[in-house]
file run.cif (mmCIF, C-alpha atoms)
data_start
loop_
_atom_site.label_atom_id
_atom_site.label_comp_id
_atom_site.auth_asym_id
_atom_site.auth_seq_id
_atom_site.Cartn_x
_atom_site.Cartn_y
_atom_site.Cartn_z
CA MET L 1 56.42 11.90 47.10
CA ASN L 2 54.78 8.65 46.11
CA GLY L 3 58.01 6.71 46.44
CA LEU L 4 58.51 8.12 49.95
CA ARG L 5 55.08 6.89 50.99
CA ILE L 6 55.71 3.42 49.68
CA ILE L 7 59.05 3.28 51.49
CA ALA L 8 57.38 4.50 54.72
CA ILE L 9 54.65 1.84 54.51
CA ALA L 10 57.23 -0.84 53.77
CA LEU L 11 59.28 0.30 56.78
CA ILE L 12 56.19 0.24 59.04
CA ILE L 13 55.35 -3.30 57.90
CA LEU L 14 58.97 -4.32 58.46
CA LEU L 15 58.95 -2.82 61.96
CA CYS L 16 55.65 -4.61 62.78
CA GLY L 17 57.13 -7.90 61.60
CA LEU L 18 60.28 -7.30 63.64
CA PHE L 19 58.19 -6.45 66.71
CA ILE L 20 56.11 -9.61 66.40
CA TYR L 21 59.28 -11.66 65.87
CA ILE L 22 60.89 -10.22 69.00
CA ALA L 23 57.73 -10.18 71.11
CA GLU L 24 57.33 -13.93 70.67
CA ASP L 25 60.60 -14.47 72.53
CA ILE L 26 59.86 -12.17 75.46
CA PRO L 27 59.24 -14.37 78.50
CA VAL L 28 56.01 -14.14 80.47
CA PHE L 29 56.14 -11.30 82.95
CA GLY L 30 56.62 -12.09 86.61
CA ASP L 31 57.72 -15.12 88.55
CA PRO L 32 55.05 -17.86 88.64
CA GLN L 33 56.39 -18.98 92.02
CA ALA L 34 56.27 -15.47 93.58
CA PRO L 35 54.73 -15.24 97.07
CA PRO L 36 51.55 -13.34 96.07
CA ILE L 37 50.90 -15.70 93.15
CA LYS L 38 51.83 -19.13 94.44
CA ALA L 39 53.14 -19.61 97.97
CA VAL L 40 54.85 -17.90 100.91
CA LYS L 41 57.84 -19.65 102.49
CA LEU L 42 57.41 -20.22 106.20
CA PHE L 43 60.48 -22.18 107.39
CA THR L 44 62.75 -25.13 106.59
CA LEU L 45 63.26 -28.40 108.41
CA GLU L 46 65.76 -31.27 108.29
CA ALA L 47 64.62 -33.75 105.66
CA ALA L 48 65.78 -36.83 107.58
CA GLN L 49 63.40 -36.17 110.51
CA ILE L 50 60.12 -35.89 108.63
CA MET L 51 60.67 -37.62 105.28
CA PRO L 52 59.67 -41.10 106.56
CA PHE L 53 56.31 -39.76 107.80
CA LEU L 54 55.62 -37.88 104.58
CA ASP L 55 56.41 -40.95 102.48
CA GLN L 56 53.79 -42.91 104.42
CA GLY L 57 51.20 -40.13 104.07
CA LEU L 58 51.23 -39.25 107.79
CA VAL L 59 51.43 -35.78 109.32
CA PRO L 60 54.83 -35.47 111.05
CA GLY L 61 54.55 -34.33 114.67
CA LYS L 62 57.55 -32.01 114.30
CA LEU L 63 55.89 -30.22 111.35
CA SER L 64 52.64 -29.69 113.27
CA GLY L 65 54.58 -28.47 116.30
CA GLU L 66 56.58 -25.94 114.28
CA LEU L 67 53.42 -24.65 112.56
CA VAL L 68 51.44 -24.31 115.79
CA LYS L 69 54.42 -22.61 117.45
CA ARG L 70 54.31 -19.97 114.71
CA GLY L 71 50.55 -19.47 115.04
CA PHE L 72 49.39 -21.42 111.98
CA PRO L 73 46.70 -24.13 112.09
CA ALA L 74 48.00 -27.68 112.28
CA PRO L 75 47.56 -29.79 109.12
CA LEU L 76 44.97 -32.56 109.07
CA ARG L 77 46.19 -34.61 106.15
CA VAL L 78 49.22 -34.84 103.86
CA GLU L 79 49.15 -36.10 100.30
CA LYS L 80 51.67 -36.30 97.51
CA VAL L 81 51.33 -33.85 94.62
CA PRO L 82 50.65 -36.00 91.55
CA ASP L 83 53.38 -36.24 88.87
CA THR L 84 56.11 -34.67 91.02
CA GLU L 85 59.01 -35.86 93.14
CA GLY L 86 59.42 -34.60 96.71
CA GLU L 87 56.33 -32.33 96.86
CA TRP L 88 53.35 -32.67 99.19
CA ASN L 89 50.14 -30.79 99.85
CA ALA L 90 48.85 -30.47 103.41
CA SER L 91 45.19 -29.66 104.14
CA ILE L 92 43.72 -27.89 107.16
CA SER L 93 40.16 -27.85 108.43
CA LYS L 94 38.13 -24.73 107.68
CA GLN L 95 34.75 -23.85 109.13
CA GLU L 96 33.14 -22.62 105.93
CA PRO L 97 29.44 -23.27 105.33
CA HIS L 98 28.32 -25.63 102.56
CA TYR L 99 31.77 -26.61 101.26
CA ALA L 100 33.97 -29.50 102.36
CA PRO L 101 35.76 -28.61 105.60
CA GLU L 102 39.23 -29.30 104.20
CA GLU L 103 41.30 -26.80 102.27
CA LYS L 104 44.67 -27.27 100.60
CA TYR L 105 46.85 -24.93 102.65
CA TYR L 106 50.54 -25.91 102.96
CA TRP L 107 53.00 -26.88 100.26
CA ILE L 108 55.94 -28.99 101.39
CA ARG L 109 58.93 -29.21 99.03
CA ARG L 110 62.16 -31.14 99.32
CA GLU L 111 65.39 -29.44 98.29
CA GLY L 112 68.45 -31.58 98.85
CA ASP L 113 68.49 -32.57 102.53
CA ARG L 114 66.23 -29.67 103.62
CA ILE L 115 62.46 -29.50 103.49
CA ASN L 116 60.77 -26.17 102.75
CA VAL L 117 57.33 -25.54 104.22
CA LEU L 118 55.28 -22.99 102.25
CA ARG L 119 51.75 -21.63 102.60
CA TYR L 120 49.64 -21.36 99.46
CA ALA L 121 48.49 -17.86 98.49
CA PHE L 122 44.74 -17.28 98.23
CA VAL L 123 45.14 -16.90 94.47
CA VAL L 124 45.75 -20.64 94.18
CA ARG L 125 42.26 -21.39 95.49
CA TRP L 126 40.86 -18.52 93.39
CA ILE L 127 42.30 -20.05 90.21
CA GLU L 128 41.81 -23.74 90.93
CA LYS L 129 38.38 -23.78 92.56
CA GLY L 130 36.63 -20.60 91.42
CA LEU L 131 34.70 -22.12 88.53
CA LYS L 132 33.61 -25.12 90.61
CA GLU L 133 32.54 -23.03 93.60
CA THR L 134 30.70 -20.25 91.77
CA ALA L 135 29.67 -21.66 88.35
CA VAL L 136 30.92 -18.48 86.67
CA PRO L 137 33.64 -18.87 84.00
CA ASN L 138 34.98 -15.30 84.28
CA MET L 139 37.73 -15.19 86.91
CA VAL L 140 37.55 -11.42 87.26
CA THR L 141 33.80 -11.40 87.87
CA TYR L 142 33.72 -14.06 90.56
CA GLY L 143 36.58 -12.28 92.25
CA LEU L 144 34.95 -8.89 92.04
CA ALA L 145 31.38 -9.78 92.92
CA ASP L 146 31.71 -12.90 95.06
CA TYR L 147 35.03 -13.45 96.84
CA ARG L 148 35.56 -9.73 97.27
CA GLY L 149 31.89 -8.73 97.42
CA TYR L 150 32.36 -6.45 100.41
CA ASP L 151 35.05 -4.55 98.54
CA THR L 152 32.79 -3.96 95.55
CA LEU L 153 29.91 -2.87 97.78
CA GLY L 154 32.29 -0.30 99.28
CA GLU L 155 33.43 0.85 95.85
CA THR L 156 29.84 1.34 94.72
CA THR L 157 29.18 3.29 97.92
CA VAL L 158 32.17 5.52 97.15
CA ILE L 159 30.78 6.23 93.68
CA PHE L 160 27.34 6.99 95.12
CA THR L 161 28.89 9.30 97.74
CA ALA L 162 30.87 11.11 95.04
CA GLY L 163 27.68 11.59 93.02
CA VAL L 164 25.79 12.96 96.03
CA SER L 165 28.69 15.32 96.79
CA VAL L 166 28.61 16.67 93.24
CA ILE L 167 24.84 17.12 93.49
CA LEU L 168 25.19 19.07 96.74
CA LEU L 169 28.07 21.22 95.51
CA LEU L 170 26.96 22.05 91.98
CA ARG L 171 23.18 22.06 92.16
CA ARG L 172 22.19 25.45 93.52
CA ARG L 173 18.54 24.55 94.09
CA SER L 174 17.58 23.31 97.51
CA ARG L 175 15.80 20.13 96.40
CA LEU L 176 17.76 16.97 95.62
CA MET O 1 18.32 30.40 73.36
CA GLU O 2 19.09 29.87 69.68
CA GLU O 3 21.16 26.79 68.97
CA GLU O 4 22.76 25.71 65.75
CA ARG O 5 21.56 22.32 64.56
CA ASP O 6 23.61 19.90 62.53
CA VAL O 7 21.61 17.35 60.54
CA VAL O 8 24.50 14.88 60.21
CA ILE O 9 25.29 14.80 63.95
CA GLU O 10 21.62 14.55 64.93
CA THR O 11 20.92 11.71 62.51
CA VAL O 12 24.00 9.74 63.50
CA ALA O 13 23.25 10.23 67.19
CA ARG O 14 19.62 9.18 66.69
CA VAL O 15 20.76 5.95 65.04
CA MET O 16 23.61 5.21 67.44
CA ILE O 17 22.04 5.87 70.85
CA PRO O 18 19.84 2.72 70.89
CA PHE O 19 22.80 0.58 69.85
CA ILE O 20 25.03 2.10 72.55
CA GLN O 21 22.35 1.36 75.14
CA LEU O 22 21.90 -2.18 73.83
CA PHE O 23 25.67 -2.71 73.99
CA ALA O 24 25.71 -1.39 77.56
CA LEU O 25 23.02 -3.88 78.56
CA TYR O 26 24.97 -6.64 76.80
CA VAL O 27 28.12 -5.73 78.74
CA ILE O 28 26.24 -5.76 82.06
CA ILE O 29 24.40 -9.04 81.41
CA HIS O 30 27.53 -10.80 80.10
CA GLY O 31 29.66 -9.75 83.03
CA ALA O 32 29.68 -13.35 84.26
CA GLY O 33 30.48 -15.12 81.02
CA GLY O 34 32.80 -12.81 79.15
CA PRO O 35 34.62 -9.55 79.54
CA GLY O 36 32.43 -6.88 81.06
CA GLY O 37 30.60 -6.07 84.24
CA GLY O 38 28.56 -3.50 86.06
CA PHE O 39 31.06 -0.65 86.17
CA GLN O 40 31.89 -0.78 82.46
CA GLY O 41 28.30 -1.28 81.35
CA GLY O 42 27.08 1.57 83.54
CA VAL O 43 29.62 3.98 82.08
CA VAL O 44 28.74 2.91 78.52
CA PHE O 45 25.03 3.47 79.28
CA ALA O 46 25.75 6.93 80.69
CA SER O 47 27.74 7.75 77.55
CA ALA O 48 24.50 7.33 75.58
CA PHE O 49 22.92 10.17 77.60
CA ILE O 50 26.04 12.29 77.14
CA LEU O 51 25.88 11.74 73.36
CA TYR O 52 22.21 12.77 73.41
CA ILE O 53 23.02 16.03 75.21
CA ILE O 54 25.94 16.81 72.91
CA ALA O 55 23.92 16.12 69.76
CA PHE O 56 20.62 17.68 70.83
CA ASN O 57 20.33 19.88 73.90
CA LEU O 58 20.48 19.81 77.65
CA ALA O 59 16.81 20.55 78.27
CA GLY O 60 15.70 17.62 76.11
CA GLY O 61 18.10 15.31 77.95
CA ARG O 62 16.75 16.48 81.30
CA GLU O 63 13.20 15.92 80.06
CA ARG O 64 13.93 12.31 79.09
CA PHE O 65 15.93 11.51 82.21
CA PRO O 66 14.55 13.82 84.93
CA GLU O 67 16.40 14.72 88.10
CA SER O 68 14.06 12.86 90.41
CA ILE O 69 14.45 9.56 88.55
CA ASN O 70 18.21 10.10 88.23
CA THR O 71 18.63 10.58 91.99
CA LEU O 72 16.36 7.62 92.66
CA PHE O 73 18.40 5.36 90.37
CA SER O 74 21.73 6.37 91.90
CA SER O 75 20.62 4.92 95.22
CA LEU O 76 18.49 2.09 93.77
CA GLY O 77 21.56 0.18 92.58
CA LEU O 78 23.12 0.25 96.04
CA TYR O 79 19.79 -0.84 97.57
CA ILE O 80 19.74 -3.83 95.18
CA TYR O 81 23.33 -4.76 96.12
CA ALA O 82 22.81 -4.46 99.87
CA GLY O 83 19.35 -6.05 99.57
CA ILE O 84 20.83 -9.17 97.95
CA GLY O 85 23.26 -9.31 100.87
CA LEU O 86 20.40 -9.00 103.37
CA LEU O 87 18.45 -11.75 101.57
CA ALA O 88 21.52 -13.94 101.99
CA ILE O 89 21.44 -13.24 105.76
CA LEU O 90 17.73 -14.09 105.90
CA PHE O 91 18.00 -17.35 103.97
CA SER O 92 21.21 -18.58 105.60
CA LEU O 93 19.11 -19.09 108.77
CA GLY O 94 21.40 -18.35 111.65
CA ALA O 95 24.79 -18.80 110.00
CA VAL O 96 25.13 -15.10 109.22
CA GLN O 97 26.45 -15.06 105.65
CA TYR O 98 26.21 -11.49 104.37
CA LEU O 99 26.69 -11.40 100.56
CA ASN O 100 27.08 -15.19 100.31
CA TYR O 101 24.62 -15.54 97.44
CA GLY O 102 24.63 -19.32 97.51
CA PHE O 103 22.02 -19.41 100.27
CA ILE O 104 19.39 -17.42 98.34
CA PRO O 105 17.10 -20.03 96.76
CA PHE O 106 16.96 -18.82 93.15
CA THR O 107 17.50 -22.44 92.05
CA THR O 108 18.16 -25.68 93.89
CA HIS O 109 21.86 -25.58 93.12
CA PHE O 110 24.26 -23.75 95.46
CA GLU O 111 26.76 -22.77 92.76
CA GLU O 112 24.05 -21.64 90.33
CA ASN O 113 22.65 -19.43 93.11
CA ARG O 114 26.05 -17.80 93.49
CA ALA O 115 26.23 -17.12 89.74
CA LEU O 116 22.71 -15.62 89.68
CA GLY O 117 23.39 -13.53 92.77
CA MET O 118 26.47 -12.14 91.04
CA ASP O 119 24.33 -11.21 88.01
CA PHE O 120 21.87 -9.25 90.17
CA VAL O 121 24.71 -7.53 91.99
CA GLU O 122 26.26 -6.52 88.66
CA MET O 123 22.91 -5.04 87.61
CA GLY O 124 22.83 -2.99 90.82
CA ILE O 125 26.36 -1.72 90.21
CA GLY O 126 25.43 -0.87 86.62
CA ILE O 127 22.35 1.14 87.67
CA THR O 128 24.27 3.15 90.28
CA VAL O 129 27.26 3.88 88.04
CA MET O 130 25.00 4.86 85.14
CA ALA O 131 22.91 7.24 87.25
CA VAL O 132 25.88 8.81 89.06
CA THR O 133 27.89 9.36 85.86
CA ALA O 134 24.89 10.90 84.10
CA SER O 135 24.11 13.02 87.16
CA ILE O 136 27.66 14.42 87.37
CA PHE O 137 27.61 15.23 83.66
CA PHE O 138 24.20 16.94 83.86
CA ASP O 139 25.32 18.99 86.85
CA LEU O 140 28.57 20.12 85.23
CA ALA O 141 26.80 21.08 81.99
CA GLN O 142 24.04 22.96 83.83
CA LYS O 143 26.50 24.83 86.00
CA GLU O 144 28.36 26.12 82.98
CA ARG O 145 25.17 27.32 81.29
CA ASN O 146 23.86 28.99 84.47
CA GLY O 147 27.19 30.74 84.98
CA LYS O 148 27.06 32.18 81.45
CA GLU O 149 23.53 33.42 81.97
CA GLY O 150 24.49 34.95 85.33
CA GLY O 151 27.33 36.75 83.62
CA LYS O 152 24.95 38.23 81.05
CA GLY O 153 22.59 39.38 83.78
CA ASP O 154 25.36 41.24 85.55
#
call {"tool": "encode", "arguments": {"input": "run.cif", "output": "structure tokens"}}
result
Amino acid sequence: MNGLRIIAIALIILLCGLFIYIAEDIPVFGDPQAPPIKAVKLFTLEAAQIMPFLDQGLVPGKLSGELVKRGFPAPLRVEKVPDTEGEWNASISKQEPHYAPEEKYYWIRREGDRINVLRYAFVVRWIEKGLKETAVPNMVTYGLADYRGYDTLGETTVIFTAGVSVILLLRRRSRL
Amino acid sequence: MEEERDVVIETVARVMIPFIQLFALYVIIHGAGGPGGGFQGGVVFASAFILYIIAFNLAGGRERFPESINTLFSSLGLYIYAGIGLLAILFSLGAVQYLNYGFIPFTTHFEENRALGMDFVEMGIGITVMAVTASIFFDLAQKERNGKEGGKGD
């Protein structure tokens, strides 16, 4: 009986070690470039037409035209992404109180002789600017209580409504 | 109604309830800096009441946390939340910014205001969740007891 226990414990430890060994090699879940996490692809353009403008830091007229035609705001400014080759950020003007009127909005990437135009997901701003804009280090909390404050107010209202419903259904007495 | 009393359970509950409540307050207050927040803290606080009822009795729990105060608290949290939003409307002076806490002048710093506003909102959420969870538990427990008594009467 005792020997069986020792063998069982040894096997459990072995399995734990094997699990840790394997788990270290499992890649991170999800695609870091997926549309909800990073950016949504809008369209592609010929590189030769707009590359010269992008290299000089100007907004190409063709790019603005294509964006406006599809109902997106035209970019104000284009700047190169630091430490990369063939990637640019384009900012748009936003009428938000207190903060700077520009927001990083489009992501322009070169692939061969085509240029992909992508729109950043909201998560990018959430991750990059949350701490600076709200002075709260917890990403979940500033999402829950600040950026999505309306949502949380509604959730709390749902909980309150559920509580009142239980009071009305289960409490036989007439007073609340 | 005669109830069996267990010394071990009562003693452990008496020692643990203050610590559970303290931990709940810690979770609510540290919602901004670490893991935690209003929902979790509220549920932990309500679990202290539930432990009290399980260890002692329902009538004592109702005496310490009466119905009137319970119902008041379940709406008080929502009033705090919506009131912070209304304060933001008042102080944003024309640019109607409901729930944009930065405009409420707690401090001189816009970002600090947002952080403090979030703390108050979390407290409101915590109060409502605590009161509603406790209220549902009290109601369920009372219903069961009343039903048993009604059965005896019949």
call {"tool": "closest_atom_pairs", "arguments": {"input": "run.cif", "of": "chain O", "to": "chain L", "cutoff": "8 Å", "atoms": "only C-alpha atoms", "output": "CSV"}}
result
residue,atom,partner,partner_atom,distance
O:Gly31,CA,L:Thr141,CA,6.6
O:Ala32,CA,L:Asn138,CA,5.6
O:Gly33,CA,L:Asn138,CA,5.6
O:Gly34,CA,L:Asn138,CA,6.1
O:Pro35,CA,L:Asn138,CA,7.5
O:Gly37,CA,L:Thr141,CA,7.2
O:Glu67,CA,L:Leu176,CA,8.0
O:Ser68,CA,L:Leu176,CA,7.6
O:Thr71,CA,L:Leu176,CA,7.4
O:Ser74,CA,L:Phe160,CA,6.5
O:Ser75,CA,L:Phe160,CA,7.0
O:Leu78,CA,L:Thr156,CA,6.9
O:Tyr81,CA,L:Leu153,CA,7.0
O:Ala82,CA,L:Leu153,CA,7.6
O:Ala95,CA,L:Pro97,CA,8.0
O:Leu99,CA,L:Gly149,CA,6.6
O:Asn100,CA,L:Asp146,CA,7.4
O:Tyr101,CA,L:Asp146,CA,7.9
O:Glu111,CA,L:Thr134,CA,4.8
O:Glu112,CA,L:Ala135,CA,6.0
O:Arg114,CA,L:Thr134,CA,5.5
O:Ala115,CA,L:Val136,CA,5.8
O:Met118,CA,L:Ala145,CA,5.8
O:Val121,CA,L:Ala145,CA,7.1
O:Glu122,CA,L:Ala145,CA,7.4
O:Ile125,CA,L:Thr156,CA,6.5
O:Thr128,CA,L:Phe160,CA,6.9
O:Val129,CA,L:Ile159,CA,7.1
O:Val132,CA,L:Gly163,CA,5.2
O:Thr133,CA,L:Gly163,CA,7.5
O:Ser135,CA,L:Gly163,CA,7.0
O:Ile136,CA,L:Gly163,CA,6.3
O:Asp139,CA,L:Leu170,CA,6.2
O:Leu140,CA,L:Leu170,CA,7.2
O:Lys143,CA,L:Leu170,CA,6.6
call {"tool": "resolve_selection", "arguments": {"input": "run.cif", "expression": "the PyMOL selection byres ((chain L and resi 66-75) around 6)", "output": "MDAnalysis selection string"}}
result
chainID L and resid 63:65 76:77 90:92
call {"tool": "residues_around", "arguments": {"input": "run.cif", "residues": "Ile115 in chain L", "least_positions_apart": "6", "cutoff": "7 Å", "atoms": "only C-alpha atoms", "output": "ChimeraX atom specification"}}
result
/L:44-47,108-109
call {"tool": "closest_residue", "arguments": {"input": "run.cif", "among": "O:Val44, O:Val27, O:Ala55, O:Leu22", "to": "Glu4 in chain O", "atoms": "only C-alpha atoms"}}
result
O:Ala55
call {"tool": "residues_around", "arguments": {"input": "run.cif", "residues": "range 52-55 of chain L", "least_positions_apart": "3", "cutoff": "8 Å", "atoms": "all atoms listed in the file", "output": "VMD selection string"}}
result
chain L and resid 48 to 49 58 to 60 78 to 79 88
call {"tool": "atom_distance", "arguments": {"input": "run.cif", "atom1": "CA of Arg119 in chain L", "atom2": "CA of Asp31 in chain L"}}
result
16.6 Å
call {"tool": "closest_residue", "arguments": {"input": "run.cif", "among": "O:Gly126, O:Gly61, O:Pro66, O:Gly41", "to": "Ala141 in chain O", "atoms": "all atoms listed in the file"}}
result
O:Gly61
call {"tool": "atom_distance", "arguments": {"input": "run.cif", "atom1": "CA of Phe45 in chain O", "atom2": "CA of Gly102 in chain O"}}
result
29.2 Å
call {"tool": "atom_distance", "arguments": {"input": "run.cif", "atom1": "CA of Arg110 in chain L", "atom2": "CA of Lys80 in chain L"}}
result
11.8 Å
call {"tool": "closest_residue", "arguments": {"input": "run.cif", "among": "L:Phe122, L:Lys94, L:Glu128, L:Val117", "to": "Lys62 in chain L", "atoms": "all atoms listed in the file"}}
result
L:Val117
call {"tool": "axis_aligned_box", "arguments": {"input": "run.cif", "around": "range 126-137 of chain L", "padding_each_side": "3 Å", "output": "AutoDock Vina command-line options"}}
result
--center_x 36.0 --center_y -21.8 --center_z 88.8 --size_x 18.6 --size_y 12.6 --size_z 15.6
call {"tool": "decode", "arguments": {"input": "run.cif", "residues": "range 143-159 of chain L", "atoms": "N, CA and C atoms", "output": "PDB file, in the first residue's frame"}}
result
ATOM      1  N   GLY L 143     -11.194  50.290 -18.395  1.00  0.00           N
ATOM      2  CA  GLY L 143     -12.150  49.918 -19.439  1.00  0.00           C
ATOM      3  C   GLY L 143     -13.555  49.840 -18.899  1.00  0.00           C
ATOM      4  N   LEU L 144     -13.687  49.176 -17.750  1.00  0.00           N
ATOM      5  CA  LEU L 144     -15.009  48.915 -17.193  1.00  0.00           C
ATOM      6  C   LEU L 144     -15.687  50.182 -16.707  1.00  0.00           C
ATOM      7  N   ALA L 145     -14.943  51.023 -16.003  1.00  0.00           N
ATOM      8  CA  ALA L 145     -15.586  52.143 -15.323  1.00  0.00           C
ATOM      9  C   ALA L 145     -15.449  53.460 -16.077  1.00  0.00           C
ATOM     10  N   ASP L 146     -14.538  53.537 -17.051  1.00  0.00           N
ATOM     11  CA  ASP L 146     -14.365  54.828 -17.720  1.00  0.00           C
ATOM     12  C   ASP L 146     -14.746  54.766 -19.196  1.00  0.00           C
ATOM     13  N   TYR L 147     -13.995  54.000 -19.985  1.00  0.00           N
ATOM     14  CA  TYR L 147     -14.291  53.966 -21.420  1.00  0.00           C
ATOM     15  C   TYR L 147     -15.669  53.362 -21.678  1.00  0.00           C
ATOM     16  N   ARG L 148     -16.021  52.357 -20.893  1.00  0.00           N
ATOM     17  CA  ARG L 148     -17.324  51.729 -21.079  1.00  0.00           C
ATOM     18  C   ARG L 148     -18.210  52.000 -19.875  1.00  0.00           C
ATOM     19  N   GLY L 149     -18.206  53.219 -19.376  1.00  0.00           N
ATOM     20  CA  GLY L 149     -18.963  53.567 -18.183  1.00  0.00           C
ATOM     21  C   GLY L 149     -20.451  53.378 -18.344  1.00  0.00           C
ATOM     22  N   TYR L 150     -20.981  53.717 -19.517  1.00  0.00           N
ATOM     23  CA  TYR L 150     -22.416  53.532 -19.758  1.00  0.00           C
ATOM     24  C   TYR L 150     -22.803  52.073 -19.602  1.00  0.00           C
ATOM     25  N   ASP L 151     -21.940  51.200 -20.149  1.00  0.00           N
ATOM     26  CA  ASP L 151     -22.207  49.764 -20.101  1.00  0.00           C
ATOM     27  C   ASP L 151     -22.318  49.295 -18.661  1.00  0.00           C
ATOM     28  N   THR L 152     -21.374  49.755 -17.816  1.00  0.00           N
ATOM     29  CA  THR L 152     -21.375  49.303 -16.431  1.00  0.00           C
ATOM     30  C   THR L 152     -22.567  49.866 -15.674  1.00  0.00           C
ATOM     31  N   LEU L 153     -22.945  51.117 -15.995  1.00  0.00           N
ATOM     32  CA  LEU L 153     -24.155  51.682 -15.367  1.00  0.00           C
ATOM     33  C   LEU L 153     -25.356  50.801 -15.705  1.00  0.00           C
ATOM     34  N   GLY L 154     -25.432  50.356 -16.975  1.00  0.00           N
ATOM     35  CA  GLY L 154     -26.535  49.485 -17.373  1.00  0.00           C
ATOM     36  C   GLY L 154     -26.485  48.145 -16.653  1.00  0.00           C
ATOM     37  N   GLU L 155     -25.272  47.600 -16.499  1.00  0.00           N
ATOM     38  CA  GLU L 155     -25.154  46.312 -15.803  1.00  0.00           C
ATOM     39  C   GLU L 155     -25.625  46.433 -14.362  1.00  0.00           C
ATOM     40  N   THR L 156     -25.203  47.538 -13.707  1.00  0.00           N
ATOM     41  CA  THR L 156     -25.621  47.727 -12.316  1.00  0.00           C
ATOM     42  C   THR L 156     -27.137  47.882 -12.240  1.00  0.00           C
ATOM     43  N   THR L 157     -27.721  48.563 -13.237  1.00  0.00           N
ATOM     44  CA  THR L 157     -29.175  48.707 -13.260  1.00  0.00           C
ATOM     45  C   THR L 157     -29.855  47.353 -13.417  1.00  0.00           C
ATOM     46  N   VAL L 158     -29.253  46.482 -14.248  1.00  0.00           N
ATOM     47  CA  VAL L 158     -29.820  45.138 -14.418  1.00  0.00           C
ATOM     48  C   VAL L 158     -29.810  44.390 -13.096  1.00  0.00           C
ATOM     49  N   ILE L 159     -28.691  44.498 -12.358  1.00  0.00           N
ATOM     50  CA  ILE L 159     -28.607  43.803 -11.065  1.00  0.00           C
ATOM     51  C   ILE L 159     -29.647  44.347 -10.099  1.00  0.00           C
TER      52      ILE L 159
END
